[in-house]
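J.: There's a structure below that I have some questions on.
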Amino acid sequence: MRGLLISQNCISQTHLVIGSTALSLTRVSKSLECGANVILIAPKTSEATQTLAVWETEIQAKEASYPNFTWIQREFQDDDLTILGRDEVDNVVDTVFVAVHSTSVLGTHISALCKRLRIPVNVADSPTLSTFTLLSTHTDGPLQIGVTTSGKGCRLASRIRREIVSSLPRDIAQACNKVGELKRTIEEDDAQDLDHQSATLDALYHEVGQNDDDAVQNHKFNQLVLEEENDLEKSRDLKKKQRLRWLSQVVEYYPFAQLAAISIDDLSSQYRQGNSFTAIEGVPNKKGSIALVGSGPGAPGLLTTSALAAITTADLVLADKLVPAGVLDLIPRHVETFIARKFPGNAEAAQEELLNMGIAALKEGKSVVRLKQGDPYLFGRGAEEYLFFSKHGYRPTVIPGITSALSGPLLAAISPTHREVADQVLICTGTGRKGAAPTIPEFVESRTTIFLMALHRLADVTIWLRDAGWRMDVPCAIIERASCPDQRVIRTTLEHVAEAFETAGSRPPGILVIGKSCAVIEQIPEGQTWMIDEGCTLF
């Protein structure tokens with residue numbers, strides 16, 4: 001059975017450490033680091049506690065060092081559990097660590113006492129006597145990572161922890177701090193503007209638990225925000241709410257290095273009101289070069305060699321926010337990289353900003369890459385950008401990318417065409433310009449239909465399909481983050497797809513595949529309305 005992993009606020013709690021072993025030193029140190037009041041109970045007789053006495057003398061010699069540490073130099077007594085704690089909890093201690101040898105009966109005795117009093121207790125080397133275990137941990141600023149093997153092998157947990165830490169981005173702690181600062185600034189500004197009206201704040205941050213570390217992206221993460229809702233006359237409250245939504249988008253999509261450097265100005269809606277690049281009039285002299293580059297579905301291994309050459313030799317890369325970190329990491333550090341701020345409700349303004357940045361760089365003679373997720377010409381506005389840059393005197397080079405519309409099904413064990421099942425494939429969008437409803441195609445029994453940009457309004461799409469005469473029992477699949485290690489596939493039918501997606505939560509970007517081909521290789525077990533497959537091991 002797996003335990004519940006939690007991060008506990010130990011400030012001002014009373015931690016009781018019992019035993020005269022070297023482990024006592026470790027338990028005392030860890031609890032002091034967490035801000036607990038630590039009481040060590042151990043007689044001043046053994047070599048280990050003599051070492052502890054030296055250590056205690058040294059730390060007390062420092063200026064006000066650890067005034068929350070007490071050493072009671074005697075054997076443990078049963079009433080220590082109920083008289084050494086805080087007044088506000090009737091003097092019962094908060095946590096007990098028993099650091100004695102496993103052959104001692106003291107651990108068994110103290111464990112029984114603690115369980116009777118409902119005091120969390122950890123007995124060294126005795127999982128059955130403990131109500132909690134300690135994890136192999138790594139701390140970097142506000143970031144804490146813990147690993148447990150559920151008692152199967154502490155040495156293995158330490159090795160796994162080292163492997164995880166070695167793969168962490170260099171700027172991870174700064175990114176955590178920066179996101180926290182931005183979130184706090186936004187909330188403080190909002191509280192002042194709203195005169196601390198709790199009802200209004202509740203409406204503003206209505207998703208319960210979304211600020212907790214265990215929060216998952218719910219199905220509303222990429223919920224449609226119409227462009228017309230973004231005019232300059234909209235209420236101040238909506239602007240604030242939108243800014244928090246943008247922060248959640250930045251956290252999901254930006255590389256850690258850029259998260260560490262982001263500022264509150266980057267999230268302010270004011271940049272759309274005149275602080276962004278101004279429109280550049282006229283056709284400049286031909287300087288610089290522009291390439292529209294497809295980055296594929298997500299895995300760096302699916303980036304074409306031409307695309308790799310383009311991003312590694314560019315002066316400026318203007319990337320979609322959906323381009324994953326694995327691909328962005330291939331861009332050399334000396335290459336300036338800007339990620340589109342296409343947050344919900346801001347697509348048109350962000351697109352204009354990106355295009356004007358490209359023109360400004362081209363006028364300076366720079367080599368510019370417009371890096372797009374998937375393929376530039378498959379619902380990627382590639383042709384629009386081709387015409388825009390051509391109009392200004394710069395004819396782009398277009399480098400195709402592997403589209404998720406076709407690679408996603410393959411990686412999800414779905415063959416879009418299959419003899420006697422599917423003889424045609426249709427690729428559609430779920431969102432028209434400025435959020436308009438798309439044209440719904442007719443239902444064809446032998447067709448596999450693939451929707452891009454549909455998951456943020458999935459419930460609407462399913463209703464539109466039903467009203468257009470589509471069979472609701474037709475198999476379908478949601479494929480998210482195709483080709484990435486955290487790829488997820490939700491297999492179900494059109495009737496249940498909205499419910500399945502709402503239950504599982506959102507993991508953007510994703511596509512919707514509908515047709516009998518979805519059930520050729522993988523089938524949903526009898527009695528289930530949907531099934532979920534996690535992970536992609538190809539890359």
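Labeling convention for the structure tokens: chains A, B, ... as they appear, residues from 1 per chain, ligands from 1 in order of appearance.
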Where in segment 151-192 of chain A does DSSP assign helix (DSSP H, G or I), given as number ranges by chain?
T.: A: 154-166, 172-192
J.: Please provide as a PyMOL selection string all residues within 9 Å of segment 458-475 of chain A, with the sequence filter that same-chain residues fewer than 2 positions apart are discarded (counting only C-alpha atoms).
T.: chain A and resi 430+437-438+440-445+454-456+477+491-499+501+512-519
J.: Any idea what's packed within 7 Å of segment 172-184 of chain A, counting only C-alpha atoms, ignoring anything in its chain fewer than 6 positions away? Could you give it as a PDB file with C-alpha atoms, in the first residue's frame?
T.:
ATOM      1  CA  ASP A 140      16.762  24.078  -3.752  1.00  0.00           C
ATOM      2  CA  GLY A 141      15.191  27.291  -2.504  1.00  0.00           C
ATOM      3  CA  PRO A 142      11.422  26.794  -2.420  1.00  0.00           C
ATOM      4  CA  LEU A 143      11.643  23.567  -4.409  1.00  0.00           C
ATOM      5  CA  PHE A 256      12.328  27.186 -16.952  1.00  0.00           C
ATOM      6  CA  LEU A 259      10.189  31.472 -16.253  1.00  0.00           C
ATOM      7  CA  ALA A 260      13.096  32.547 -14.061  1.00  0.00           C
ATOM      8  CA  ILE A 264       4.920  41.228 -14.015  1.00  0.00           C
TER       9      ILE A 264
END
J.: Excluding Ala42 of chain A and its own-chain neighbours fewer than 5 positions away, which residues fall within 10 Å of it when counting only C-alpha atoms? Please give them as a PyMOL selection string.
T.: chain A and resi 17-21+24+48-49+71-76
J.: Output N, CA and C atoms of each residue in that selection to a file, as an mmCIF file, in the first residue's frame.
T.:
data_model
loop_
_atom_site.group_PDB
_atom_site.id
_atom_site.type_symbol
_atom_site.label_atom_id
_atom_site.label_comp_id
_atom_site.auth_asym_id
_atom_site.auth_seq_id
_atom_site.Cartn_x
_atom_site.Cartn_y
_atom_site.Cartn_z
ATOM 1 N N VAL A 17 12.930 13.779 19.673
ATOM 2 C CA VAL A 17 13.891 12.827 19.124
ATOM 3 C C VAL A 17 14.427 11.992 20.281
ATOM 4 N N ILE A 18 14.339 10.674 20.142
ATOM 5 C CA ILE A 18 14.709 9.776 21.236
ATOM 6 C C ILE A 18 15.812 8.846 20.766
ATOM 7 N N GLY A 19 16.907 8.792 21.503
ATOM 8 C CA GLY A 19 17.984 7.872 21.170
ATOM 9 C C GLY A 19 19.329 8.541 21.128
ATOM 10 N N SER A 20 20.356 7.745 21.365
ATOM 11 C CA SER A 20 21.731 8.258 21.393
ATOM 12 C C SER A 20 22.542 7.605 20.288
ATOM 13 N N THR A 21 22.057 7.756 19.061
ATOM 14 C CA THR A 21 22.752 7.220 17.889
ATOM 15 C C THR A 21 23.100 8.365 16.945
ATOM 16 N N SER A 24 20.288 10.264 15.476
ATOM 17 C CA SER A 24 19.679 11.336 16.265
ATOM 18 C C SER A 24 20.114 12.704 15.750
ATOM 19 N N ALA A 48 28.137 8.624 20.837
ATOM 20 C CA ALA A 48 27.331 9.400 19.898
ATOM 21 C C ALA A 48 26.828 10.679 20.543
ATOM 22 N N THR A 49 26.364 10.571 21.801
ATOM 23 C CA THR A 49 25.846 11.765 22.450
ATOM 24 C C THR A 49 26.956 12.696 22.890
ATOM 25 N N TRP A 71 18.214 19.688 24.937
ATOM 26 C CA TRP A 71 18.710 18.326 25.144
ATOM 27 C C TRP A 71 18.408 17.925 26.591
ATOM 28 N N ILE A 72 17.532 16.956 26.763
ATOM 29 C CA ILE A 72 17.223 16.407 28.079
ATOM 30 C C ILE A 72 18.072 15.153 28.273
ATOM 31 N N GLN A 73 19.009 15.224 29.185
ATOM 32 C CA GLN A 73 20.028 14.173 29.308
ATOM 33 C C GLN A 73 19.585 13.092 30.305
ATOM 34 N N ARG A 74 18.640 12.286 29.835
ATOM 35 C CA ARG A 74 18.155 11.156 30.635
ATOM 36 C C ARG A 74 17.459 10.171 29.710
ATOM 37 N N GLU A 75 16.965 9.078 30.289
ATOM 38 C CA GLU A 75 16.217 8.089 29.533
ATOM 39 C C GLU A 75 14.793 8.599 29.253
ATOM 40 N N PHE A 76 14.163 8.024 28.251
ATOM 41 C CA PHE A 76 12.785 8.380 27.898
ATOM 42 C C PHE A 76 11.821 7.963 29.001
#
J.: Enter the distance from atom CA of Thr139 of chain A to atom CA of Ile11 of chain A, in Å, rounded to one decimal.
T.: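 If I compute the distance from atom CA of Thr139 of chain A to atom CA of Ile11 of chain A, I get 17.1 Å.
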J.: Quote the spacing between atom CA of Tyr377 of chain A and atom CA of Ala347 of chain A in Å to one decimal place.
T.: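 Answer for the atom CA of Tyr377 of chain A to atom CA of Ala347 of chain A separation: 17.5 Å.
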J.: With a distance cut-off of 9 Å and only C-alpha atoms, select the neighbouring residues of Asn122 of chain A, excluding the residue or stretch itself and same-chain residues fewer than 5 positions from it, and output the selection as a PyMOL selection string.
T.: chain A and resi 95-99+111+127+129-134
J.: Considering only C-alpha atoms, return as a PyMOL selection string whatever protein or nucleic-acid residues lie within 9 Å of segment 387-402 of chain A, sequence-local ones (same chain, fewer than 4 positions apart) excluded.
T.: chain A and resi 281-297+302-304+306-307+310+355+358-359+362+372-377+382-383+406-407
J.: Which residues are close to Arg447 of chain A, i.e. within 7 Å by only C-alpha atoms, leaving aside same-chain residues fewer than 5 positions away? Reply as an NGL selection string.
T.: :A and (422-425 or 515)
J.: Save out the residues we just selected, C-alpha atoms, as a short mmCIF file (atom, residue, chain, number, x, y, z; two decimals), in the first residue's frame.
T.:
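Everything below was put into selection32.cif:
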data_model
loop_
_atom_site.label_atom_id
_atom_site.label_comp_id
_atom_site.auth_asym_id
_atom_site.auth_seq_id
_atom_site.Cartn_x
_atom_site.Cartn_y
_atom_site.Cartn_z
CA ALA A 422 -11.60 3.84 -43.00
CA ASP A 423 -10.83 4.87 -46.58
CA GLN A 424 -10.55 8.62 -46.07
CA VAL A 425 -9.17 11.15 -43.56
CA GLY A 515 -13.95 7.16 -36.39
#
J.: Please report the interatomic distance between atom CA of Leu426 of chain A and atom CA of Leu371 of chain A in Å with one decimal.
T.: 25.0 Å
